[in-house]
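*Asks:* Just passing along the structure, written as structure tokens.
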Amino acid sequence: MTINRYSSRTHQLDQVMLARHLKDAKRYHRIAGYFTSSLFEIAVEYLDKVEDVKIVCNSQVTAEDIKIARIQEAKLLGRLNSQAAEIDSLLNKPRYQWLQAFLEQRPDAVRVAPDDFCGFVHGKAGVIWKNDGTRIGFMGSVNETRTGWQHNYEILWEDQSPEGIDWIEEEFQYLWKKAVPLPRAVVQEISRRAHRVEINLGEHESDDSLAPSALIESPMYREGLSLQPWQRAFVTECVNHRRWFGVVRLLLADEVGLGKTLSLGTAALTLALLDRDAADEEKYRSRPSAVFAPASLTQQWQTEMMDKLGIPCARWDSNRKVWLDTEARFISPSGPEQIIRCPMRLGIISTGIVIQPTTEKELLSQLCFDVLILDESHKARTRKILGKNDGEPNILLQFMQEAAGRSRHVLLGTATPMQTEVADLWDQLSILHKGQGRFVLGHDFSPWQTPERVKPLLTGEDHPSEPEQAWQFLRSPLPPVDSSSEGNFRRLLHNIRAELNMKENDFDASQAVVALPREVREEFEDLLDFPVDGTSLFQRHNPVVRHVVLRKRKVLEDAGLLQKVGVNLHPDYKLIRHHQLFTSLFHKQALKTDEKFDLAYEAAEAFGTAYGRRVGGSGFMKNLMTQRLCSSCIAGLKTAERILQGKEVDQEDEEALLMEDISEEEKNHLSTLIQAVNSMRGQDPKLGAVRHYLVEEDWFRHGCIIFSQYYDTAAWVAQSLAALFPGELVGLYAGAGKSALYRGPDNMNEALREDLKNLVQEKKIMIMVATDAACEGLNLQRLGTLINIDLPWNPTRLEQRIGRIKRFGQVRPIVDMLNLVYKDTVDEKIYERLSERMRERFDILGSLPDTITDDWIRDEELLGKKMDELIEASRRVNGFDIRYNSSLDVSEDDWRNCSQVLSRRRIEDFMRQGWWVRKTSNLQTGQL
């Protein structure tokens with residue numbers, strides 16, 4: 001048997017190999033390069049007749065990636081989309097059509113090899129079995145593309161020896177067994193390209209088809225990512241509300257980590273495009289779209305809108321009074337009056353600008369918005385303070401209520417679960433109800449205007465049995481027929497509207513129930529007595545459920561729509577490796593302390609008692625020193641020093657505190673605390689515990705995020721760990737320009753938060769320390785462990801913290817979370833009660849109250865009882881589960897298979913049309 005050597009310099013390689021041997025072949029095994037649409041462009045005319053075709057390709061996918069199907073899909077689709085879809089689909093449509101047909105007939109013909117099994121598959125080879133029984137093997141650098149076979153300089157060896165062919169086949173079989181099939185999403189994309197047609201704005205088939213047409217070739221889809229089913233379902237909900245009510249009024253309250261920014265952003269684009277078709281273009285341009293978000297989130301909003309959805313938008317710089325693009329470049333003149341001249345259709349503005357008496361706020365207060373979005377909307381609320389302002393709306397709530405009254409569509413977003421405290425939602429509903437949203441809570445005398453009156457219905461504690469009483473809850477607002485999937489209820493609504501001659505856009509039935517025919521009244525009575533999944537009629541059908549979209553992580557996990565990530569709670573003697581070191585640090589679940597710390601803690605308590613006795617009442621101010629010391633000794637020390645020096649006490653996410661004119665007794669207690677902490681000489685047991693878990697328990701290998709409520713604690717931890725790991729980068733992610741990057745004890749540079757996040761994604765930072773104020777929107781799923789250096793007295797923050805790593809992209813099936821509290825402190829008491837319940841069901845933390853009151857702290861039995869009541873309430877099926885779980889199986893095919901595509905250039909041109917002033921004389925009034 002011979003070896004034939006070929007060079008593209010002397011031979012036409014596709015003819016001497018493929019044309020010569022494949023035309024009468026029955027089997028073809030190939031080790032190729034990357035999977036691309038051109039994989040078969042040379043061999044296409046022969047492969048249809050070959051019985052057995054198997055090709056293994058490169059993937060740039062690791063075995064770790066394969067654990068999460070979407071990562072695998074993303075990397076392969078990203079490679080497939082290396083050329084612009086507009087050009088590629090036009091040039092190569094016949095190729096895609098053939099490839100689609102081939103893969104449909106032979107779904108396992110192509111596999112991709114994970115990189116960590118074989119590295120980059122650079123060696124190319126193949127074996128051809130011919131119909132006459134002969135075999136031919138070949139090796140060389142040739143990729144399975146037209147360029148590889150016909151245009152590149154290539155070298156090819158043809159081997160006809162049995163031992164040579166067997167060797168090639170053995171290598172192929174090794175790779176084939178390690179490889180995985182092409183993901184379904186890749187096959188779908190090939191099919192979509194085969195049928196792709198580009199359309200203009202206004203040419204989409206239906207309102208429901210607009211969003212997939214606009215986004216199927218957005219950056220995130222080109223990278224192989226996609227909106228999740230619940231995100232697509234939210235867009236569908238918005239389209240439905242627009243159809244039912246003419247405008248949209250929705251609060252998105254999905255739990256932490258479920259991607260509300262993309263949900264809201266996609267909805268904003270969809271609504272803007274839909275309204276563009278329904279309105280006069282020049283008139284429509286006068287109605288801006290705006291996102292109001294905390295300052296820490298404005299850049300993330302702008303980045304995600306552009307990088308994920310391909311939507312250009314502008315961000316207002318409050319300091320320089322100018323609009324910025326995604327590269328932080330000025331795209332407008334400077335000056336406060338420019339805030340109403342946004343150069344893009346969508347402007348992103350910090351909520352901080354509207355809680356101060358600024359010129360910008362005054363101008364914004366006179367604008368009419370097409371789409372108005374408020375992120376972290378729970379911060380717009382009524383005041384809950386002692387004094388004359390108790391129960392009054394705060395400044396943000398006032399602004400949003402007024403702005404909503406001048407807005408067409410209003411979308412609110414919050415990641416703070418509120419489903420067990422229904423009354424807390426009324427602040428949000430009051431925003432949605434303004435202006436064109438008067439259908440949200442009904443007429444002024446509707447019972448839905450009063451949360452205390454309807455709360456028993458929503459919680460299931462009570463339900464009206466008398467038709468006349470029940471009619472008061474149903475008639476205003478009367479739901480649209482299509483707002484329910486329950487056949488009996490839809491029929492009732494249809495009959496009521498028909499009998500009362502109500503139009504589809506009428507939502508107030510002023511007549512009494514006796515105005516309805518007997519058969520309709522009887523149908524209504526039957527529904528009142530007919531529970532579904534243990535829920536009454538008004539638990540399932542009410543304004544709260546209709547206008548609040550709430551999905552729970554556990555429900556999505558149980559439905560198989562979200563990767564399940566378990567949580568191991570620490571400290572736990574059973575879960576650690578070094579028991580002797582563990583017992584030297586912990587007593588049960590709390591850190592051991594010495595008499596010096598105990599003296600400091602007693603002084604902190606004494607200060608709070610003396611302060612409370614002098615000023616009256618209790619609450620945060622009384623507990624301020626105790627909370628700070630429970631965070632870390634350094635936080636307690638610095639806080640005490642600031643108070644004694646008459647300086648403001650810094651708070652990360654609130655206004656700074658100034659405690660003036662403290663008494664001599666209070667000064668003495670603070671001095672005792674300072675003296676006690678200084679005598680500890682930096683020996684804080686929390687640092688020893690962090691070191692133990694990072695080093696002895698090997699958490700550093702997985703990467704770790706360390707959270708604190710206070711900057712003082714976070715900075716101290718970051719500096720200490722930089723000294724402990726001198727060769728590693730340690731990030732400090734904080735608010736107000738305090739973020740930093742450390743390498744060793746003496747090297748620290750200021751850093752942008754976006755840069756820190758990128759370094760984590762690249763696995764160049766394995767330890768990140770962060771404050772709560774900076775963690776909103778922070779995605780650090782590349783890190784696999786979390787340490788709470790302190791325990792926030794707002795338990796929902798614990799869920800928000802774990803949500804930073806318990807999200808898509810987390811490769812660990814179970815992440816580890818350590819909660820640190822000092823022994824014999826109020827934090828230990830709270831944590832004991834929380835941990836008893838957290839151990840069984842961690843996800844229930846989202847149902848705990850926003851804060852733990854002093855009464856609960858003083859009475860351990862009451863604390864446990866209240867926790868149990870709230871947990872049990874969260875376990876019961878509610879209207880949110882019934883209404884929104886039914887849409888969780890939304891098929892991705894409707895988006896992935898969308899072949900009618902809106903031109904990206906036209907979408908960008910549309911979104912680059914800015915707010916503009918018709919007449920200069922109207923500038924002072926803010927009229928556009």
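Labels used: A, B, ... for chains in the order of the structure tokens, numbers from 1 for residues in each chain, and numbers from 1 for ligands as shown.
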With only C-alpha atoms as the counted atoms, please give the residues lying no more than 8 Å from stretch 738-743 of chain A, apart from itself and same-chain residues fewer than 5 positions off, as a list in words.
*Replies:*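 Everything that qualifies: Ala718, Gln719, Ala722, Pro726, Gly727, Glu728, Leu729, Val730, Gly731, Leu732, Tyr733, Met748, Asn749, Glu750, Ala751, Leu752, Arg753 and Leu756 of chain A.
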*Asks:* Give me, as a ChimeraX atom specification, all polymer residues having an atom no more than 12 Å from A:Arg490, counting only C-alpha atoms and skipping those fewer than 4 positions away in the same chain.
*Replies:* /A:478-486,494-497,523-524,527,541
*Asks:* Could those residues be written to a file, using N, CA, C and O atoms, as a PDB file, in the first residue's frame?
*Replies:*
ATOM      1  N   LEU A 478     -63.703  46.026  35.887  1.00  0.00           N
ATOM      2  CA  LEU A 478     -64.142  44.781  35.273  1.00  0.00           C
ATOM      3  C   LEU A 478     -63.045  44.318  34.315  1.00  0.00           C
ATOM      4  O   LEU A 478     -62.655  45.056  33.419  1.00  0.00           O
ATOM      5  N   PRO A 479     -62.521  43.099  34.483  1.00  0.00           N
ATOM      6  CA  PRO A 479     -61.371  42.667  33.667  1.00  0.00           C
ATOM      7  C   PRO A 479     -61.750  42.492  32.197  1.00  0.00           C
ATOM      8  O   PRO A 479     -62.914  42.209  31.872  1.00  0.00           O
ATOM      9  N   PRO A 480     -60.797  42.632  31.286  1.00  0.00           N
ATOM     10  CA  PRO A 480     -61.038  42.271  29.891  1.00  0.00           C
ATOM     11  C   PRO A 480     -61.302  40.769  29.789  1.00  0.00           C
ATOM     12  O   PRO A 480     -60.777  39.983  30.580  1.00  0.00           O
ATOM     13  N   VAL A 481     -62.083  40.385  28.818  1.00  0.00           N
ATOM     14  CA  VAL A 481     -62.429  38.969  28.656  1.00  0.00           C
ATOM     15  C   VAL A 481     -61.177  38.118  28.458  1.00  0.00           C
ATOM     16  O   VAL A 481     -61.023  37.044  29.051  1.00  0.00           O
ATOM     17  N   ASP A 482     -60.245  38.601  27.635  1.00  0.00           N
ATOM     18  CA  ASP A 482     -59.069  37.802  27.291  1.00  0.00           C
ATOM     19  C   ASP A 482     -57.999  37.802  28.365  1.00  0.00           C
ATOM     20  O   ASP A 482     -56.951  37.167  28.199  1.00  0.00           O
ATOM     21  N   SER A 483     -58.220  38.501  29.476  1.00  0.00           N
ATOM     22  CA  SER A 483     -57.190  38.565  30.519  1.00  0.00           C
ATOM     23  C   SER A 483     -57.130  37.284  31.340  1.00  0.00           C
ATOM     24  O   SER A 483     -56.224  37.113  32.156  1.00  0.00           O
ATOM     25  N   SER A 484     -58.083  36.378  31.140  1.00  0.00           N
ATOM     26  CA  SER A 484     -58.088  35.116  31.886  1.00  0.00           C
ATOM     27  C   SER A 484     -58.068  33.943  30.923  1.00  0.00           C
ATOM     28  O   SER A 484     -58.613  34.015  29.818  1.00  0.00           O
ATOM     29  N   SER A 485     -57.441  32.861  31.350  1.00  0.00           N
ATOM     30  CA  SER A 485     -57.447  31.629  30.567  1.00  0.00           C
ATOM     31  C   SER A 485     -58.512  30.650  31.057  1.00  0.00           C
ATOM     32  O   SER A 485     -58.663  29.571  30.492  1.00  0.00           O
ATOM     33  N   GLU A 486     -59.245  31.017  32.129  1.00  0.00           N
ATOM     34  CA  GLU A 486     -60.287  30.147  32.662  1.00  0.00           C
ATOM     35  C   GLU A 486     -61.564  30.312  31.836  1.00  0.00           C
ATOM     36  O   GLU A 486     -62.146  31.404  31.786  1.00  0.00           O
ATOM     37  N   HIS A 494     -67.767  37.853  29.360  1.00  0.00           N
ATOM     38  CA  HIS A 494     -68.390  38.115  28.062  1.00  0.00           C
ATOM     39  C   HIS A 494     -69.878  38.384  28.235  1.00  0.00           C
ATOM     40  O   HIS A 494     -70.428  39.348  27.642  1.00  0.00           O
ATOM     41  N   ASN A 495     -70.549  37.567  29.041  1.00  0.00           N
ATOM     42  CA  ASN A 495     -71.991  37.736  29.243  1.00  0.00           C
ATOM     43  C   ASN A 495     -72.311  39.040  29.967  1.00  0.00           C
ATOM     44  O   ASN A 495     -73.290  39.721  29.650  1.00  0.00           O
ATOM     45  N   ILE A 496     -71.479  39.402  30.964  1.00  0.00           N
ATOM     46  CA  ILE A 496     -71.700  40.670  31.686  1.00  0.00           C
ATOM     47  C   ILE A 496     -71.585  41.845  30.728  1.00  0.00           C
ATOM     48  O   ILE A 496     -72.443  42.747  30.707  1.00  0.00           O
ATOM     49  N   ARG A 497     -70.552  41.864  29.915  1.00  0.00           N
ATOM     50  CA  ARG A 497     -70.349  42.979  28.988  1.00  0.00           C
ATOM     51  C   ARG A 497     -71.490  43.041  27.956  1.00  0.00           C
ATOM     52  O   ARG A 497     -71.941  44.124  27.588  1.00  0.00           O
ATOM     53  N   GLU A 523     -74.424  32.129  37.470  1.00  0.00           N
ATOM     54  CA  GLU A 523     -73.083  31.756  37.002  1.00  0.00           C
ATOM     55  C   GLU A 523     -72.016  32.426  37.867  1.00  0.00           C
ATOM     56  O   GLU A 523     -71.006  31.813  38.223  1.00  0.00           O
ATOM     57  N   PHE A 524     -72.240  33.678  38.208  1.00  0.00           N
ATOM     58  CA  PHE A 524     -71.331  34.423  39.082  1.00  0.00           C
ATOM     59  C   PHE A 524     -71.253  33.767  40.463  1.00  0.00           C
ATOM     60  O   PHE A 524     -70.164  33.557  41.016  1.00  0.00           O
ATOM     61  N   LEU A 527     -69.177  30.581  40.466  1.00  0.00           N
ATOM     62  CA  LEU A 527     -67.733  30.820  40.432  1.00  0.00           C
ATOM     63  C   LEU A 527     -67.203  31.257  41.796  1.00  0.00           C
ATOM     64  O   LEU A 527     -66.067  30.946  42.158  1.00  0.00           O
ATOM     65  N   HIS A 541     -58.256  36.511  40.420  1.00  0.00           N
ATOM     66  CA  HIS A 541     -58.637  37.590  39.504  1.00  0.00           C
ATOM     67  C   HIS A 541     -58.799  38.878  40.294  1.00  0.00           C
ATOM     68  O   HIS A 541     -59.815  39.108  40.949  1.00  0.00           O
TER      69      HIS A 541
END
*Asks:* Which of these, A:Leu90, A:Ile634, A:Leu346, A:Leu251, has the shortest distance to A:His195 once you count only C-alpha atoms?
*Replies:* A:Leu90
*Asks:* As a PyMOL selection string, please: every residue in stretch 532-759 of chain A that a backbone DSSP assignment puts in strand (DSSP E).
*Replies:* chain A and resi 548-549+566-570+586-587+590-591+704-708+729-733+740-743+748-750
*Asks:* Which one of A:Val247, A:Leu637, A:Ala770, A:Ala113 sits closest to A:Leu175 if you count only C-alpha atoms?
*Replies:*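 Answer, going by the shortest atom-to-atom distance: A:Ala113.
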*Asks:* For A:Pro312, which residue among A:Pro294, A:Pro343, A:Gly405, A:Pro229 is the nearest when counting only C-alpha atoms?
*Replies:* A:Pro343
*Asks:* Counting only C-alpha atoms, figure out which residue out of A:Ser289, A:Gln231, A:Ser671, A:Ser708 gets nearest to A:Arg551.
*Replies:*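 The shortest atom-to-atom distance to A:Arg551 comes from A:Gln231.
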*Asks:* Within 10 Å of A:Ser510, counting only C-alpha atoms, which residues show up once you throw out same-chain ones fewer than 3 positions away? Write them as a PyMOL selection string, please.
*Replies:* chain A and resi 443+472+475-476+500+507+513+515
*Asks:* Which residues are near A:Leu550? Cut-off 8 Å, only C-alpha atoms, ignore same chain within fewer than 6 positions. Put them as a PyMOL selection string.
*Replies:* chain A and resi 252-255+880-881+884
*Asks:* Residues of the last selection are to be written out with N, CA, C and O atoms, as a PDB file, in the first residue's frame.
*Replies:*
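File produced: part-v4.pdb:
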ATOM      1  N   LEU A 252     -43.119  44.664  37.094  1.00  0.00           N
ATOM      2  CA  LEU A 252     -42.372  43.419  36.986  1.00  0.00           C
ATOM      3  C   LEU A 252     -41.647  43.185  38.307  1.00  0.00           C
ATOM      4  O   LEU A 252     -40.730  43.922  38.657  1.00  0.00           O
ATOM      5  N   ALA A 253     -42.075  42.159  39.043  1.00  0.00           N
ATOM      6  CA  ALA A 253     -41.541  41.900  40.385  1.00  0.00           C
ATOM      7  C   ALA A 253     -40.913  40.520  40.474  1.00  0.00           C
ATOM      8  O   ALA A 253     -40.938  39.881  41.520  1.00  0.00           O
ATOM      9  N   ASP A 254     -40.320  40.029  39.370  1.00  0.00           N
ATOM     10  CA  ASP A 254     -39.649  38.738  39.400  1.00  0.00           C
ATOM     11  C   ASP A 254     -38.544  38.739  40.447  1.00  0.00           C
ATOM     12  O   ASP A 254     -37.931  39.775  40.733  1.00  0.00           O
ATOM     13  N   GLU A 255     -38.266  37.560  40.992  1.00  0.00           N
ATOM     14  CA  GLU A 255     -37.240  37.456  42.020  1.00  0.00           C
ATOM     15  C   GLU A 255     -35.863  37.785  41.446  1.00  0.00           C
ATOM     16  O   GLU A 255     -35.658  37.832  40.235  1.00  0.00           O
ATOM     17  N   PHE A 880     -50.568  34.762  41.614  1.00  0.00           N
ATOM     18  CA  PHE A 880     -49.425  34.957  40.730  1.00  0.00           C
ATOM     19  C   PHE A 880     -48.986  33.626  40.128  1.00  0.00           C
ATOM     20  O   PHE A 880     -48.700  33.525  38.939  1.00  0.00           O
ATOM     21  N   ASP A 881     -48.900  32.585  40.983  1.00  0.00           N
ATOM     22  CA  ASP A 881     -48.479  31.271  40.504  1.00  0.00           C
ATOM     23  C   ASP A 881     -49.419  30.768  39.419  1.00  0.00           C
ATOM     24  O   ASP A 881     -48.991  30.260  38.385  1.00  0.00           O
ATOM     25  N   TYR A 884     -49.307  33.288  36.077  1.00  0.00           N
ATOM     26  CA  TYR A 884     -48.085  33.442  35.296  1.00  0.00           C
ATOM     27  C   TYR A 884     -47.325  32.143  35.055  1.00  0.00           C
ATOM     28  O   TYR A 884     -46.491  32.075  34.160  1.00  0.00           O
TER      29      TYR A 884
END
*Asks:* A:Gln12: which residues within 10 Å, counting only C-alpha atoms, same-chain residues fewer than 6 positions away excluded, as a PyMOL selection string?
*Replies:* chain A and resi 6+149-151
*Asks:* Rank A:Ile787, A:Ala293, A:Val187, A:Ala109 by their smallest atom-to-atom distance to A:His570, using only C-alpha atoms, and report the top residue only.
*Replies:* A:Ile787
*Asks:* Name all residues at most 9 Å from A:Asp208 (count only C-alpha atoms; drop same-chain ones fewer than 3 positions away) and give them as a PDB file with all heavy atoms, in the first residue's frame.
*Replies:*
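Ended up saving to around04.pdb:
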ATOM      1  N   GLU A 205     -46.124  40.613  10.561  1.00  0.00           N
ATOM      2  CA  GLU A 205     -47.398  39.929  10.382  1.00  0.00           C
ATOM      3  C   GLU A 205     -48.413  40.300  11.455  1.00  0.00           C
ATOM      4  O   GLU A 205     -49.608  40.413  11.192  1.00  0.00           O
ATOM      5  CB  GLU A 205     -47.180  38.412  10.381  1.00  0.00           C
ATOM      6  CG  GLU A 205     -46.362  37.924   9.180  1.00  0.00           C
ATOM      7  CD  GLU A 205     -46.125  36.430   9.234  1.00  0.00           C
ATOM      8  OE1 GLU A 205     -46.350  35.838  10.313  1.00  0.00           O
ATOM      9  OE2 GLU A 205     -45.717  35.857   8.209  1.00  0.00           O
ATOM     10  N   ALA A 211     -41.721  41.659  18.219  1.00  0.00           N
ATOM     11  CA  ALA A 211     -40.532  41.534  19.076  1.00  0.00           C
ATOM     12  C   ALA A 211     -39.518  40.522  18.523  1.00  0.00           C
ATOM     13  O   ALA A 211     -38.335  40.843  18.409  1.00  0.00           O
ATOM     14  CB  ALA A 211     -40.943  41.170  20.500  1.00  0.00           C
ATOM     15  N   PRO A 212     -39.937  39.291  18.159  1.00  0.00           N
ATOM     16  CA  PRO A 212     -38.939  38.374  17.589  1.00  0.00           C
ATOM     17  C   PRO A 212     -38.346  38.886  16.280  1.00  0.00           C
ATOM     18  O   PRO A 212     -37.151  38.701  16.022  1.00  0.00           O
ATOM     19  CB  PRO A 212     -39.717  37.068  17.384  1.00  0.00           C
ATOM     20  CG  PRO A 212     -41.146  37.399  17.536  1.00  0.00           C
ATOM     21  CD  PRO A 212     -41.222  38.599  18.403  1.00  0.00           C
ATOM     22  N   VAL A 235     -42.907  40.242  27.606  1.00  0.00           N
ATOM     23  CA  VAL A 235     -43.141  41.053  26.417  1.00  0.00           C
ATOM     24  C   VAL A 235     -44.528  40.753  25.845  1.00  0.00           C
ATOM     25  O   VAL A 235     -45.269  41.664  25.454  1.00  0.00           O
ATOM     26  CB  VAL A 235     -42.046  40.792  25.361  1.00  0.00           C
ATOM     27  CG1 VAL A 235     -42.325  41.583  24.089  1.00  0.00           C
ATOM     28  CG2 VAL A 235     -40.673  41.164  25.922  1.00  0.00           C
ATOM     29  N   THR A 236     -44.889  39.465  25.814  1.00  0.00           N
ATOM     30  CA  THR A 236     -46.224  39.086  25.347  1.00  0.00           C
ATOM     31  C   THR A 236     -47.307  39.702  26.220  1.00  0.00           C
ATOM     32  O   THR A 236     -48.339  40.170  25.725  1.00  0.00           O
ATOM     33  CB  THR A 236     -46.366  37.551  25.339  1.00  0.00           C
ATOM     34  OG1 THR A 236     -45.388  36.988  24.461  1.00  0.00           O
ATOM     35  CG2 THR A 236     -47.747  37.130  24.885  1.00  0.00           C
ATOM     36  N   VAL A 239     -47.744  43.294  25.233  1.00  0.00           N
ATOM     37  CA  VAL A 239     -48.488  43.407  23.977  1.00  0.00           C
ATOM     38  C   VAL A 239     -49.972  43.158  24.224  1.00  0.00           C
ATOM     39  O   VAL A 239     -50.838  43.854  23.678  1.00  0.00           O
ATOM     40  CB  VAL A 239     -47.923  42.423  22.933  1.00  0.00           C
ATOM     41  CG1 VAL A 239     -48.795  42.409  21.675  1.00  0.00           C
ATOM     42  CG2 VAL A 239     -46.489  42.799  22.567  1.00  0.00           C
ATOM     43  N   ASN A 240     -50.273  42.167  25.073  1.00  0.00           N
ATOM     44  CA  ASN A 240     -51.671  41.885  25.397  1.00  0.00           C
ATOM     45  C   ASN A 240     -52.330  43.065  26.114  1.00  0.00           C
ATOM     46  O   ASN A 240     -53.463  43.439  25.808  1.00  0.00           O
ATOM     47  CB  ASN A 240     -51.769  40.633  26.266  1.00  0.00           C
ATOM     48  CG  ASN A 240     -51.510  39.361  25.480  1.00  0.00           C
ATOM     49  OD1 ASN A 240     -51.656  39.343  24.254  1.00  0.00           O
ATOM     50  ND2 ASN A 240     -51.106  38.307  26.165  1.00  0.00           N
TER      51      ASN A 240
END
*Asks:* Please provide the set of residues having any atom within 12 Å of A:Arg329, restricted to only C-alpha atoms, with same-chain residues fewer than 5 positions apart removed, written as JSON, numbers by chain.
*Replies:* {"A": [314, 315, 316, 317, 320, 322, 323, 324]}
*Asks:* A:Ser191, A:Ala610, A:Gln675, A:Ile31: which is nearest A:Ala101, counting only C-alpha atoms?
*Replies:*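 Comparing A:Ser191, A:Ala610, A:Gln675, A:Ile31 against A:Ala101, the winner is A:Ser191.
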*Asks:* List every residue of stretch 291-531 of chain A that DSSP, applied to the backbone of this structure, assigns to alpha helix (DSSP H), and report them as JSON, numbers by chain.
*Replies:* {"A": [295, 296, 297, 298, 299, 300, 301, 302, 303, 304, 305, 306, 307, 359, 360, 361, 362, 363, 364, 395, 396, 397, 398, 399, 400, 401, 402, 403, 404, 426, 427, 428, 429, 430, 431, 432, 451, 452, 453, 454, 455, 456, 457, 458, 459, 467, 468, 469, 470, 471, 472, 473, 474, 475, 487, 488, 489, 490, 491, 492, 493, 494, 495, 496, 497, 498, 499, 518, 519, 520, 521, 522, 523, 524, 525, 526, 527, 528]}
